[in-house]
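S.K.: Pasting run_22.txt below, which is compact mmCIF, N, CA and C atoms.
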# COMPACT_ATOMS: atom_id res chain seq x y z
N MET A 200 18.10 -27.15 -31.34
CA MET A 200 18.23 -25.76 -30.98
C MET A 200 17.35 -25.47 -29.77
N THR A 201 17.92 -24.83 -28.81
CA THR A 201 17.13 -24.48 -27.64
C THR A 201 16.72 -23.02 -27.72
N LYS A 202 15.55 -22.77 -27.24
CA LYS A 202 15.08 -21.39 -27.21
C LYS A 202 15.56 -20.72 -25.93
N LYS A 203 15.97 -19.49 -26.06
CA LYS A 203 16.34 -18.73 -24.88
C LYS A 203 15.07 -18.12 -24.31
N THR A 204 14.82 -18.44 -23.07
CA THR A 204 13.65 -17.86 -22.41
C THR A 204 14.10 -16.70 -21.56
N ARG A 205 13.33 -15.70 -21.60
CA ARG A 205 13.65 -14.51 -20.81
C ARG A 205 12.63 -14.39 -19.70
N ALA A 206 13.12 -14.20 -18.50
CA ALA A 206 12.22 -14.06 -17.36
C ALA A 206 11.47 -12.74 -17.48
N GLY A 207 10.17 -12.81 -17.38
CA GLY A 207 9.34 -11.61 -17.44
C GLY A 207 9.15 -11.02 -16.05
N PHE A 208 8.07 -10.35 -15.90
CA PHE A 208 7.73 -9.72 -14.63
C PHE A 208 7.36 -10.80 -13.64
N GLN A 209 8.09 -10.87 -12.53
CA GLN A 209 7.84 -11.89 -11.52
C GLN A 209 7.77 -11.25 -10.14
N ILE A 210 6.88 -11.80 -9.31
CA ILE A 210 6.76 -11.36 -7.93
C ILE A 210 6.80 -12.60 -7.06
N HIS A 211 7.56 -12.56 -5.99
CA HIS A 211 7.64 -13.69 -5.08
C HIS A 211 6.32 -13.87 -4.32
N LEU A 212 6.05 -15.09 -3.92
CA LEU A 212 4.81 -15.41 -3.25
C LEU A 212 4.67 -14.68 -1.92
N SER A 213 5.77 -14.53 -1.20
CA SER A 213 5.70 -13.80 0.08
C SER A 213 5.32 -12.34 -0.14
N THR A 214 5.78 -11.75 -1.25
CA THR A 214 5.40 -10.38 -1.57
C THR A 214 3.91 -10.30 -1.89
N VAL A 215 3.40 -11.29 -2.59
CA VAL A 215 1.97 -11.31 -2.90
C VAL A 215 1.14 -11.39 -1.63
N TYR A 216 1.56 -12.21 -0.68
CA TYR A 216 0.84 -12.28 0.60
C TYR A 216 0.80 -10.92 1.29
N VAL A 217 1.93 -10.24 1.34
CA VAL A 217 2.00 -8.93 1.99
C VAL A 217 1.10 -7.93 1.25
N LEU A 218 1.12 -7.95 -0.07
CA LEU A 218 0.32 -7.00 -0.84
C LEU A 218 -1.18 -7.27 -0.70
N VAL A 219 -1.57 -8.53 -0.63
CA VAL A 219 -2.99 -8.86 -0.46
C VAL A 219 -3.48 -8.39 0.91
N ILE A 220 -2.68 -8.62 1.94
CA ILE A 220 -3.07 -8.17 3.28
C ILE A 220 -3.14 -6.65 3.32
N LEU A 221 -2.18 -5.97 2.71
CA LEU A 221 -2.18 -4.51 2.68
C LEU A 221 -3.38 -3.98 1.91
N ALA A 222 -3.70 -4.57 0.76
CA ALA A 222 -4.86 -4.13 -0.01
C ALA A 222 -6.15 -4.35 0.78
N SER A 223 -6.22 -5.44 1.52
CA SER A 223 -7.42 -5.71 2.34
C SER A 223 -7.58 -4.65 3.43
N VAL A 224 -6.48 -4.28 4.06
CA VAL A 224 -6.54 -3.26 5.12
C VAL A 224 -6.95 -1.91 4.54
N LEU A 225 -6.39 -1.55 3.38
CA LEU A 225 -6.75 -0.28 2.75
C LEU A 225 -8.22 -0.28 2.32
N LEU A 226 -8.69 -1.39 1.78
CA LEU A 226 -10.10 -1.49 1.38
C LEU A 226 -11.01 -1.38 2.60
N TRP A 227 -10.65 -2.07 3.67
CA TRP A 227 -11.44 -2.00 4.90
C TRP A 227 -11.50 -0.57 5.41
N GLY A 228 -10.38 0.13 5.38
CA GLY A 228 -10.34 1.51 5.85
C GLY A 228 -11.20 2.44 5.02
N ASN A 229 -11.43 2.12 3.76
CA ASN A 229 -12.25 2.97 2.90
C ASN A 229 -13.72 2.59 2.91
N VAL A 230 -14.05 1.39 3.33
CA VAL A 230 -15.44 0.92 3.28
C VAL A 230 -16.14 1.03 4.62
N ILE A 231 -15.40 0.82 5.69
CA ILE A 231 -16.02 0.79 7.02
C ILE A 231 -16.57 2.18 7.36
N GLU A 232 -17.68 2.18 8.03
CA GLU A 232 -18.33 3.42 8.42
C GLU A 232 -18.06 3.66 9.90
N TYR A 233 -17.59 4.83 10.26
CA TYR A 233 -17.30 5.12 11.65
C TYR A 233 -17.67 6.56 11.97
N THR A 234 -17.81 6.84 13.24
CA THR A 234 -18.23 8.16 13.69
C THR A 234 -17.00 8.96 14.09
N GLY A 235 -16.96 10.19 13.64
CA GLY A 235 -15.84 11.06 13.96
C GLY A 235 -16.27 12.50 13.97
N THR A 236 -15.39 13.36 14.42
CA THR A 236 -15.65 14.79 14.42
C THR A 236 -15.01 15.38 13.18
N VAL A 237 -15.80 16.07 12.37
CA VAL A 237 -15.31 16.65 11.14
C VAL A 237 -15.59 18.15 11.12
N ARG A 238 -14.78 18.83 10.34
CA ARG A 238 -14.99 20.27 10.16
C ARG A 238 -15.86 20.43 8.92
N VAL A 239 -16.98 21.09 9.07
CA VAL A 239 -17.96 21.21 7.99
C VAL A 239 -18.06 22.68 7.59
N ASN A 240 -18.14 22.92 6.29
CA ASN A 240 -18.31 24.27 5.78
C ASN A 240 -19.80 24.49 5.55
N ALA A 241 -20.39 25.35 6.32
CA ALA A 241 -21.81 25.68 6.15
C ALA A 241 -21.89 26.85 5.19
N VAL A 242 -22.15 26.55 3.93
CA VAL A 242 -22.13 27.59 2.91
C VAL A 242 -23.23 28.62 3.15
N GLN A 243 -24.38 28.15 3.57
CA GLN A 243 -25.48 29.09 3.76
C GLN A 243 -25.22 30.08 4.90
N TYR A 244 -24.38 29.69 5.85
CA TYR A 244 -24.08 30.58 6.96
C TYR A 244 -22.73 31.27 6.80
N GLY A 245 -21.90 30.79 5.88
CA GLY A 245 -20.60 31.39 5.63
C GLY A 245 -19.58 31.18 6.73
N LYS A 246 -19.66 30.06 7.46
CA LYS A 246 -18.71 29.80 8.53
C LYS A 246 -18.45 28.30 8.63
N PHE A 247 -17.40 27.96 9.36
CA PHE A 247 -17.06 26.56 9.61
C PHE A 247 -17.55 26.17 11.00
N TYR A 248 -17.88 24.91 11.15
CA TYR A 248 -18.22 24.39 12.47
C TYR A 248 -17.81 22.92 12.51
N THR A 249 -17.63 22.40 13.71
CA THR A 249 -17.33 20.98 13.86
C THR A 249 -18.60 20.25 14.24
N SER A 250 -18.69 19.03 13.76
CA SER A 250 -19.91 18.26 13.98
C SER A 250 -19.57 16.79 14.09
N GLU A 251 -20.36 16.07 14.88
CA GLU A 251 -20.27 14.62 14.91
C GLU A 251 -20.89 14.10 13.62
N ALA A 252 -20.19 13.25 12.94
CA ALA A 252 -20.69 12.76 11.66
C ALA A 252 -20.26 11.32 11.45
N THR A 253 -20.99 10.63 10.59
CA THR A 253 -20.62 9.30 10.15
C THR A 253 -19.82 9.47 8.87
N VAL A 254 -18.59 8.96 8.87
CA VAL A 254 -17.70 9.19 7.74
C VAL A 254 -17.20 7.87 7.17
N ARG A 255 -16.80 7.92 5.93
CA ARG A 255 -16.15 6.81 5.25
C ARG A 255 -14.95 7.35 4.49
N GLY A 256 -13.90 6.52 4.42
CA GLY A 256 -12.74 6.88 3.63
C GLY A 256 -11.49 7.06 4.46
N TRP A 257 -10.37 6.60 3.89
CA TRP A 257 -9.07 6.83 4.47
C TRP A 257 -8.06 6.92 3.34
N PRO A 258 -7.19 7.87 3.28
CA PRO A 258 -6.87 8.92 4.24
C PRO A 258 -7.77 10.15 4.11
N MET A 259 -8.55 10.24 3.02
CA MET A 259 -9.46 11.38 2.88
C MET A 259 -10.90 10.89 3.05
N TYR A 260 -11.69 11.64 3.80
CA TYR A 260 -13.11 11.28 3.93
C TYR A 260 -13.79 11.58 2.60
N TYR A 261 -14.42 10.58 2.00
CA TYR A 261 -15.16 10.82 0.77
C TYR A 261 -16.66 10.84 1.00
N SER A 262 -17.10 10.37 2.15
CA SER A 262 -18.53 10.38 2.46
C SER A 262 -18.71 10.87 3.89
N VAL A 263 -19.45 11.96 4.02
CA VAL A 263 -19.72 12.54 5.34
C VAL A 263 -21.23 12.67 5.47
N GLN A 264 -21.78 12.06 6.49
CA GLN A 264 -23.22 12.13 6.74
C GLN A 264 -23.43 12.61 8.16
N HIS A 265 -24.11 13.74 8.29
CA HIS A 265 -24.45 14.22 9.63
C HIS A 265 -25.86 14.78 9.61
N ALA A 266 -26.27 15.36 10.68
CA ALA A 266 -27.67 15.75 10.86
C ALA A 266 -28.15 16.72 9.79
N ARG A 267 -27.31 17.61 9.34
CA ARG A 267 -27.78 18.64 8.41
C ARG A 267 -27.77 18.20 6.95
N HIS A 268 -26.77 17.45 6.53
CA HIS A 268 -26.74 16.99 5.14
C HIS A 268 -25.74 15.84 4.98
N ALA A 269 -25.80 15.21 3.81
CA ALA A 269 -24.84 14.15 3.46
C ALA A 269 -24.03 14.63 2.26
N ASP A 270 -22.77 14.32 2.27
CA ASP A 270 -21.88 14.79 1.21
C ASP A 270 -21.00 13.64 0.74
N VAL A 271 -21.01 13.37 -0.56
CA VAL A 271 -20.12 12.37 -1.16
C VAL A 271 -19.27 13.08 -2.20
N THR A 272 -17.96 12.91 -2.11
CA THR A 272 -17.03 13.60 -3.00
C THR A 272 -16.28 12.58 -3.85
N PRO A 273 -16.63 12.45 -5.15
CA PRO A 273 -15.97 11.44 -6.00
C PRO A 273 -14.47 11.67 -6.18
N TRP A 274 -14.02 12.93 -6.25
CA TRP A 274 -12.59 13.15 -6.48
C TRP A 274 -11.77 12.69 -5.29
N LYS A 275 -12.35 12.71 -4.07
CA LYS A 275 -11.64 12.18 -2.91
C LYS A 275 -11.57 10.65 -2.96
N MET A 276 -12.61 10.03 -3.52
CA MET A 276 -12.57 8.58 -3.71
C MET A 276 -11.43 8.22 -4.66
N PHE A 277 -11.30 8.98 -5.75
CA PHE A 277 -10.22 8.74 -6.70
C PHE A 277 -8.86 9.01 -6.06
N GLY A 278 -8.79 10.04 -5.23
CA GLY A 278 -7.54 10.33 -4.51
C GLY A 278 -7.15 9.19 -3.59
N ASN A 279 -8.13 8.60 -2.90
CA ASN A 279 -7.84 7.45 -2.04
C ASN A 279 -7.33 6.28 -2.87
N LEU A 280 -7.91 6.08 -4.05
CA LEU A 280 -7.47 5.01 -4.94
C LEU A 280 -6.02 5.22 -5.38
N VAL A 281 -5.69 6.43 -5.77
CA VAL A 281 -4.33 6.74 -6.23
C VAL A 281 -3.33 6.56 -5.08
N ILE A 282 -3.67 7.06 -3.91
CA ILE A 282 -2.79 6.91 -2.74
C ILE A 282 -2.60 5.44 -2.40
N GLY A 283 -3.67 4.66 -2.46
CA GLY A 283 -3.59 3.22 -2.18
C GLY A 283 -2.69 2.50 -3.16
N VAL A 284 -2.84 2.80 -4.46
CA VAL A 284 -2.00 2.15 -5.48
C VAL A 284 -0.54 2.54 -5.29
N MET A 285 -0.28 3.80 -4.98
CA MET A 285 1.11 4.22 -4.75
C MET A 285 1.70 3.53 -3.52
N PHE A 286 0.91 3.41 -2.47
CA PHE A 286 1.36 2.77 -1.24
C PHE A 286 1.64 1.28 -1.48
N ILE A 287 0.74 0.60 -2.18
CA ILE A 287 0.93 -0.82 -2.49
C ILE A 287 2.15 -1.02 -3.38
N SER A 288 2.33 -0.14 -4.37
CA SER A 288 3.50 -0.25 -5.26
C SER A 288 4.81 -0.06 -4.49
N ALA A 289 4.84 0.91 -3.60
CA ALA A 289 6.06 1.16 -2.83
C ALA A 289 6.38 -0.02 -1.92
N VAL A 290 5.37 -0.57 -1.26
CA VAL A 290 5.60 -1.72 -0.37
C VAL A 290 6.03 -2.94 -1.19
N GLY A 291 5.41 -3.17 -2.35
CA GLY A 291 5.81 -4.28 -3.20
C GLY A 291 7.24 -4.15 -3.69
N TYR A 292 7.62 -2.94 -4.10
CA TYR A 292 9.00 -2.71 -4.54
C TYR A 292 9.98 -2.95 -3.40
N GLY A 293 9.64 -2.47 -2.21
CA GLY A 293 10.50 -2.66 -1.05
C GLY A 293 10.67 -4.13 -0.69
N CYS A 294 9.57 -4.89 -0.73
CA CYS A 294 9.66 -6.32 -0.43
C CYS A 294 10.54 -7.04 -1.45
N GLU A 295 10.32 -6.77 -2.73
CA GLU A 295 11.13 -7.42 -3.77
C GLU A 295 12.59 -7.02 -3.67
N TRP A 296 12.87 -5.76 -3.39
CA TRP A 296 14.25 -5.31 -3.24
C TRP A 296 14.92 -6.06 -2.10
N TYR A 297 14.23 -6.21 -0.97
CA TYR A 297 14.78 -6.92 0.18
C TYR A 297 15.06 -8.38 -0.15
N ILE A 298 14.14 -9.04 -0.84
CA ILE A 298 14.32 -10.45 -1.18
C ILE A 298 15.51 -10.63 -2.12
N VAL A 299 15.61 -9.79 -3.13
CA VAL A 299 16.72 -9.90 -4.09
C VAL A 299 18.05 -9.60 -3.42
N ALA A 300 18.09 -8.58 -2.56
CA ALA A 300 19.34 -8.25 -1.85
C ALA A 300 19.76 -9.41 -0.95
N ARG A 301 18.80 -10.04 -0.29
CA ARG A 301 19.12 -11.17 0.58
C ARG A 301 19.62 -12.36 -0.24
N MET A 302 19.02 -12.59 -1.42
CA MET A 302 19.48 -13.70 -2.26
C MET A 302 20.88 -13.45 -2.79
N LYS A 303 21.19 -12.20 -3.14
CA LYS A 303 22.55 -11.88 -3.60
C LYS A 303 23.56 -12.08 -2.49
N LYS A 304 23.20 -11.70 -1.27
CA LYS A 304 24.10 -11.87 -0.13
C LYS A 304 24.37 -13.35 0.12
N ASP A 305 23.32 -14.18 0.07
CA ASP A 305 23.49 -15.63 0.25
C ASP A 305 24.33 -16.22 -0.86
N LEU A 306 24.15 -15.75 -2.10
CA LEU A 306 24.92 -16.25 -3.23
C LEU A 306 26.40 -15.89 -3.07
N ASN A 307 26.69 -14.67 -2.65
CA ASN A 307 28.08 -14.27 -2.44
C ASN A 307 28.72 -15.09 -1.32
N ARG A 308 27.95 -15.39 -0.28
CA ARG A 308 28.47 -16.19 0.82
C ARG A 308 28.79 -17.61 0.34
N LYS A 309 27.92 -18.19 -0.47
CA LYS A 309 28.16 -19.54 -0.99
C LYS A 309 29.35 -19.56 -1.93
N ASP A 310 29.49 -18.52 -2.76
CA ASP A 310 30.64 -18.45 -3.66
C ASP A 310 31.95 -18.36 -2.88
N ALA A 311 31.97 -17.57 -1.82
CA ALA A 311 33.18 -17.44 -1.01
C ALA A 311 33.52 -18.77 -0.34
N LYS A 312 32.50 -19.47 0.15
CA LYS A 312 32.74 -20.76 0.79
C LYS A 312 33.24 -21.77 -0.23
N THR A 313 32.67 -21.79 -1.43
CA THR A 313 33.12 -22.71 -2.48
C THR A 313 34.56 -22.41 -2.87
N GLN A 314 34.91 -21.14 -2.95
CA GLN A 314 36.28 -20.76 -3.31
C GLN A 314 37.26 -21.19 -2.21
N ARG A 315 36.91 -21.02 -0.94
CA ARG A 315 37.77 -21.45 0.16
C ARG A 315 37.96 -22.96 0.15
N ASP A 316 36.86 -23.70 -0.10
CA ASP A 316 36.94 -25.15 -0.14
C ASP A 316 37.82 -25.63 -1.30
N SER A 317 37.71 -24.98 -2.45
CA SER A 317 38.53 -25.40 -3.60
C SER A 317 40.00 -25.06 -3.37
N GLU A 318 40.30 -23.97 -2.68
CA GLU A 318 41.70 -23.62 -2.37
C GLU A 318 42.26 -24.57 -1.35
N GLY A 319 41.45 -25.03 -0.44
CA GLY A 319 41.91 -25.97 0.59
C GLY A 319 42.21 -27.34 0.02
N GLN A 320 41.56 -27.76 -1.04
CA GLN A 320 41.79 -29.08 -1.64
C GLN A 320 43.03 -29.08 -2.51
N ASN A 321 43.46 -27.95 -3.01
CA ASN A 321 44.62 -27.91 -3.88
C ASN A 321 45.89 -27.99 -3.15
If you took the structure in this file and wrote it as C-alpha cells, what would it be?
M.R.:
Amino acid sequence: MTKKTRAGFQIHLSTVYVLVILASVLLWGNVIEYTGTVRVNAVQYGKFYTSEATVRGWPMYYSVQHARHADVTPWKMFGNLVIGVMFISAVGYGCEWYIVARMKKDLNRKDAKTQRDSEGQN
C-alpha cells in the first residue's frame, strides 16, 4: 500500500531569494540613521516648525532626534513592521503566481506539441 502524500506549503527558491533581498532592504531602511527635514510639533509653544533632525524608520519615522529633544514612537515601529510584512507577502504572492502561471503555460505548450506529434504518426 502506498501512502498518498499531499504537497504542503511550498515556496520556490527564486521567490525566497527575492523575499530575502526585499526584507534586507526594508530592514536597512528602518535601521539606517540619516538626516532629514521633519515637521515637529512644539507642544510648549503650540505651533509647528520644521527642523533638521536625525531620523530612523521607513515609511514612518519612529525615531527623531534633533537639537531640542529626541522622540521614539513604538506604535510607528509596529506600523513599519506591519507594512513590511504586508509588502513582503504581496511580493511573495506575486512571484509565486507568476511562476505557476508560467509553468502552466509551458505545460499547455508541451501538451499541444505532444498531441500534434501523436496525430502526425497516425
S.K.: Could you pull out all residues of chain A with a DSSP call of strand (DSSP E or B) and give them as a tab-separated table (two decimals) with N, CA and C atoms, keeping the file's coordinate frame?
M.R.:
chain	number	residue	atom	x	y	z
A	233	TYR	N	-17.59	4.83	10.26
A	233	TYR	CA	-17.30	5.12	11.65
A	233	TYR	C	-17.67	6.56	11.97
A	234	THR	N	-17.81	6.84	13.24
A	234	THR	CA	-18.23	8.16	13.69
A	234	THR	C	-17.00	8.96	14.09
A	235	GLY	N	-16.96	10.19	13.64
A	235	GLY	CA	-15.84	11.06	13.96
A	235	GLY	C	-16.27	12.50	13.97
A	236	THR	N	-15.39	13.36	14.42
A	236	THR	CA	-15.65	14.79	14.42
A	236	THR	C	-15.01	15.38	13.18
A	237	VAL	N	-15.80	16.07	12.37
A	237	VAL	CA	-15.31	16.65	11.14
A	237	VAL	C	-15.59	18.15	11.12
A	238	ARG	N	-14.78	18.83	10.34
A	238	ARG	CA	-14.99	20.27	10.16
A	238	ARG	C	-15.86	20.43	8.92
A	239	VAL	N	-16.98	21.09	9.07
A	239	VAL	CA	-17.96	21.21	7.99
A	239	VAL	C	-18.06	22.68	7.59
A	240	ASN	N	-18.14	22.92	6.29
A	240	ASN	CA	-18.31	24.27	5.78
A	240	ASN	C	-19.80	24.49	5.55
A	241	ALA	N	-20.39	25.35	6.32
A	241	ALA	CA	-21.81	25.68	6.15
A	241	ALA	C	-21.89	26.85	5.19
A	246	LYS	N	-19.66	30.06	7.46
A	246	LYS	CA	-18.71	29.80	8.53
A	246	LYS	C	-18.45	28.30	8.63
A	247	PHE	N	-17.40	27.96	9.36
A	247	PHE	CA	-17.06	26.56	9.61
A	247	PHE	C	-17.55	26.17	11.00
A	248	TYR	N	-17.88	24.91	11.15
A	248	TYR	CA	-18.22	24.39	12.47
A	248	TYR	C	-17.81	22.92	12.51
A	249	THR	N	-17.63	22.40	13.71
A	249	THR	CA	-17.33	20.98	13.86
A	249	THR	C	-18.60	20.25	14.24
A	250	SER	N	-18.69	19.03	13.76
A	250	SER	CA	-19.91	18.26	13.98
A	250	SER	C	-19.57	16.79	14.09
A	251	GLU	N	-20.36	16.07	14.88
A	251	GLU	CA	-20.27	14.62	14.91
A	251	GLU	C	-20.89	14.10	13.62
A	252	ALA	N	-20.19	13.25	12.94
A	252	ALA	CA	-20.69	12.76	11.66
A	252	ALA	C	-20.26	11.32	11.45
A	253	THR	N	-20.99	10.63	10.59
A	253	THR	CA	-20.62	9.30	10.15
A	253	THR	C	-19.82	9.47	8.87
A	254	VAL	N	-18.59	8.96	8.87
A	254	VAL	CA	-17.70	9.19	7.74
A	254	VAL	C	-17.20	7.87	7.17
A	255	ARG	N	-16.80	7.92	5.93
A	255	ARG	CA	-16.15	6.81	5.25
A	255	ARG	C	-14.95	7.35	4.49
A	262	SER	N	-17.10	10.37	2.15
A	262	SER	CA	-18.53	10.38	2.46
A	262	SER	C	-18.71	10.87	3.89
A	263	VAL	N	-19.45	11.96	4.02
A	263	VAL	CA	-19.72	12.54	5.34
A	263	VAL	C	-21.23	12.67	5.47
A	264	GLN	N	-21.78	12.06	6.49
A	264	GLN	CA	-23.22	12.13	6.74
A	264	GLN	C	-23.43	12.61	8.16
A	269	ALA	N	-25.80	15.21	3.81
A	269	ALA	CA	-24.84	14.15	3.46
A	269	ALA	C	-24.03	14.63	2.26
A	270	ASP	N	-22.77	14.32	2.27
A	270	ASP	CA	-21.88	14.79	1.21
A	270	ASP	C	-21.00	13.64	0.74
A	271	VAL	N	-21.01	13.37	-0.56
A	271	VAL	CA	-20.12	12.37	-1.16
A	271	VAL	C	-19.27	13.08	-2.20
S.K.: Return the padded bounding box of stretch 253-271 of chain A as lines of an AutoDock Vina configuration file: axis-aligned, built from all atoms listed in the file, 6 Å added on each side, with centre and edge lengths in Å to one decimal.
M.R.:
center_x = -17.5
center_y = 12.6
center_z = 4.3
size_x = 33.3
size_y = 24.1
size_z = 25.1
S.K.: Find the residues near stretch 274-276 of chain A: any atom within 10 Å, counting only C-alpha atoms, skip ones fewer than 2 places away on the same chain, and give them as a PyMOL selection string.
M.R.: chain A and resi 229+255-262+271-272+278-282
S.K.: Mind listing whatever residues come within 8 Å of the point (-13.9, 18.8, 14.2)? Use all atoms listed in the file, file coordinates, and give them as a ChimeraX atom specification.
M.R.: /A:235-239,248-251
S.K.: For the residues selected in the previous step, produce a file with N, CA and C atoms as an mmCIF file, in the coordinates of the input.
M.R.:
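What landed in again-v6.cif:
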data_model
loop_
_atom_site.group_PDB
_atom_site.id
_atom_site.type_symbol
_atom_site.label_atom_id
_atom_site.label_comp_id
_atom_site.auth_asym_id
_atom_site.auth_seq_id
_atom_site.Cartn_x
_atom_site.Cartn_y
_atom_site.Cartn_z
ATOM 1 N N GLY A 235 -16.960 10.190 13.640
ATOM 2 C CA GLY A 235 -15.840 11.060 13.960
ATOM 3 C C GLY A 235 -16.270 12.500 13.970
ATOM 4 N N THR A 236 -15.390 13.360 14.420
ATOM 5 C CA THR A 236 -15.650 14.790 14.420
ATOM 6 C C THR A 236 -15.010 15.380 13.180
ATOM 7 N N VAL A 237 -15.800 16.070 12.370
ATOM 8 C CA VAL A 237 -15.310 16.650 11.140
ATOM 9 C C VAL A 237 -15.590 18.150 11.120
ATOM 10 N N ARG A 238 -14.780 18.830 10.340
ATOM 11 C CA ARG A 238 -14.990 20.270 10.160
ATOM 12 C C ARG A 238 -15.860 20.430 8.920
ATOM 13 N N VAL A 239 -16.980 21.090 9.070
ATOM 14 C CA VAL A 239 -17.960 21.210 7.990
ATOM 15 C C VAL A 239 -18.060 22.680 7.590
ATOM 16 N N TYR A 248 -17.880 24.910 11.150
ATOM 17 C CA TYR A 248 -18.220 24.390 12.470
ATOM 18 C C TYR A 248 -17.810 22.920 12.510
ATOM 19 N N THR A 249 -17.630 22.400 13.710
ATOM 20 C CA THR A 249 -17.330 20.980 13.860
ATOM 21 C C THR A 249 -18.600 20.250 14.240
ATOM 22 N N SER A 250 -18.690 19.030 13.760
ATOM 23 C CA SER A 250 -19.910 18.260 13.980
ATOM 24 C C SER A 250 -19.570 16.790 14.090
ATOM 25 N N GLU A 251 -20.360 16.070 14.880
ATOM 26 C CA GLU A 251 -20.270 14.620 14.910
ATOM 27 C C GLU A 251 -20.890 14.100 13.620
#
S.K.: Let's see if you can do this: from backbone DSSP, list all alpha helix (DSSP H) residues in chain A, as a ChimeraX atom specification.
M.R.: /A:212-230,273-320
S.K.: Using only N, CA and C atoms, can you tell me which of A:Gly283, A:Ile298, A:Glu318, A:Phe208 comes closest to A:Leu226?
M.R.: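 Nearest to A:Leu226: A:Gly283.
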S.K.: Just give me the gap between atom C of A:Val284 and atom CA of A:Gly207 in Å, one decimal is fine.
M.R.: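 Between these atoms lies a distance of 21.1 Å.
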S.K.: Could you check the closest approach to A:Ile287 for each of A:Ala222, A:Ala269, A:Leu212, A:Met302 and tell me which residue wins, using only C-alpha atoms?
M.R.: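 Nearest candidate to A:Ile287 out of A:Ala222, A:Ala269, A:Leu212, A:Met302: A:Ala222.
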S.K.: Give me the residues near A:Val254 as a short mmCIF file (atom, residue, chain, number, x, y, z; two decimals) with N, CA and C atoms, in the coordinates of the input, where near means some atom within 6 Å (using all atoms listed in the file) and where sequence neighbours in that chain fewer than 5 positions away do not count.
M.R.:
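Output file out06.cif follows:
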data_model
loop_
_atom_site.label_atom_id
_atom_site.label_comp_id
_atom_site.auth_asym_id
_atom_site.auth_seq_id
_atom_site.Cartn_x
_atom_site.Cartn_y
_atom_site.Cartn_z
N ILE A 231 -15.40 0.82 5.69
CA ILE A 231 -16.02 0.79 7.02
C ILE A 231 -16.57 2.18 7.36
N GLU A 232 -17.68 2.18 8.03
CA GLU A 232 -18.33 3.42 8.42
C GLU A 232 -18.06 3.66 9.90
N TYR A 233 -17.59 4.83 10.26
CA TYR A 233 -17.30 5.12 11.65
C TYR A 233 -17.67 6.56 11.97
N THR A 234 -17.81 6.84 13.24
CA THR A 234 -18.23 8.16 13.69
C THR A 234 -17.00 8.96 14.09
N GLY A 235 -16.96 10.19 13.64
CA GLY A 235 -15.84 11.06 13.96
C GLY A 235 -16.27 12.50 13.97
N SER A 262 -17.10 10.37 2.15
CA SER A 262 -18.53 10.38 2.46
C SER A 262 -18.71 10.87 3.89
N VAL A 263 -19.45 11.96 4.02
CA VAL A 263 -19.72 12.54 5.34
C VAL A 263 -21.23 12.67 5.47
N GLN A 264 -21.78 12.06 6.49
CA GLN A 264 -23.22 12.13 6.74
C GLN A 264 -23.43 12.61 8.16
#
S.K.: Give me the residues within 12 Å of A:Ala289 as a list in words, counting only C-alpha atoms and dropping any in the same chain fewer than 6 places off.
M.R.: Thr214, Val217, Leu218, Leu221, Ile282, Gly283, Glu295 and Trp296 of chain A
S.K.: Produce a file of the selected residues containing N, CA and C atoms, as a tab-separated table (two decimals), keeping the file's coordinate frame.
M.R.:
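Saved the output as part_10.tsv:
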chain	number	residue	atom	x	y	z
A	214	THR	N	5.78	-11.75	-1.25
A	214	THR	CA	5.40	-10.38	-1.57
A	214	THR	C	3.91	-10.30	-1.89
A	217	VAL	N	1.93	-10.24	1.34
A	217	VAL	CA	2.00	-8.93	1.99
A	217	VAL	C	1.10	-7.93	1.25
A	218	LEU	N	1.12	-7.95	-0.07
A	218	LEU	CA	0.32	-7.00	-0.84
A	218	LEU	C	-1.18	-7.27	-0.70
A	221	LEU	N	-2.18	-5.97	2.71
A	221	LEU	CA	-2.18	-4.51	2.68
A	221	LEU	C	-3.38	-3.98	1.91
A	282	ILE	N	-3.67	7.06	-3.91
A	282	ILE	CA	-2.79	6.91	-2.74
A	282	ILE	C	-2.60	5.44	-2.40
A	283	GLY	N	-3.67	4.66	-2.46
A	283	GLY	CA	-3.59	3.22	-2.18
A	283	GLY	C	-2.69	2.50	-3.16
A	295	GLU	N	10.32	-6.77	-2.73
A	295	GLU	CA	11.13	-7.42	-3.77
A	295	GLU	C	12.59	-7.02	-3.67
A	296	TRP	N	12.87	-5.76	-3.39
A	296	TRP	CA	14.25	-5.31	-3.24
A	296	TRP	C	14.92	-6.06	-2.10
S.K.: How many Å separate atom C of A:Ala252 from atom CA of A:Val224?
M.R.: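 Between atom C of A:Ala252 and atom CA of A:Val224 the gap is 21.0 Å.
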S.K.: For atom CA of A:Thr313 and atom CA of A:Ile210, determine how far apart the two atoms are, in Å to one decimal place.
M.R.: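 Rounded to one decimal, the two atoms are 29.2 Å apart.
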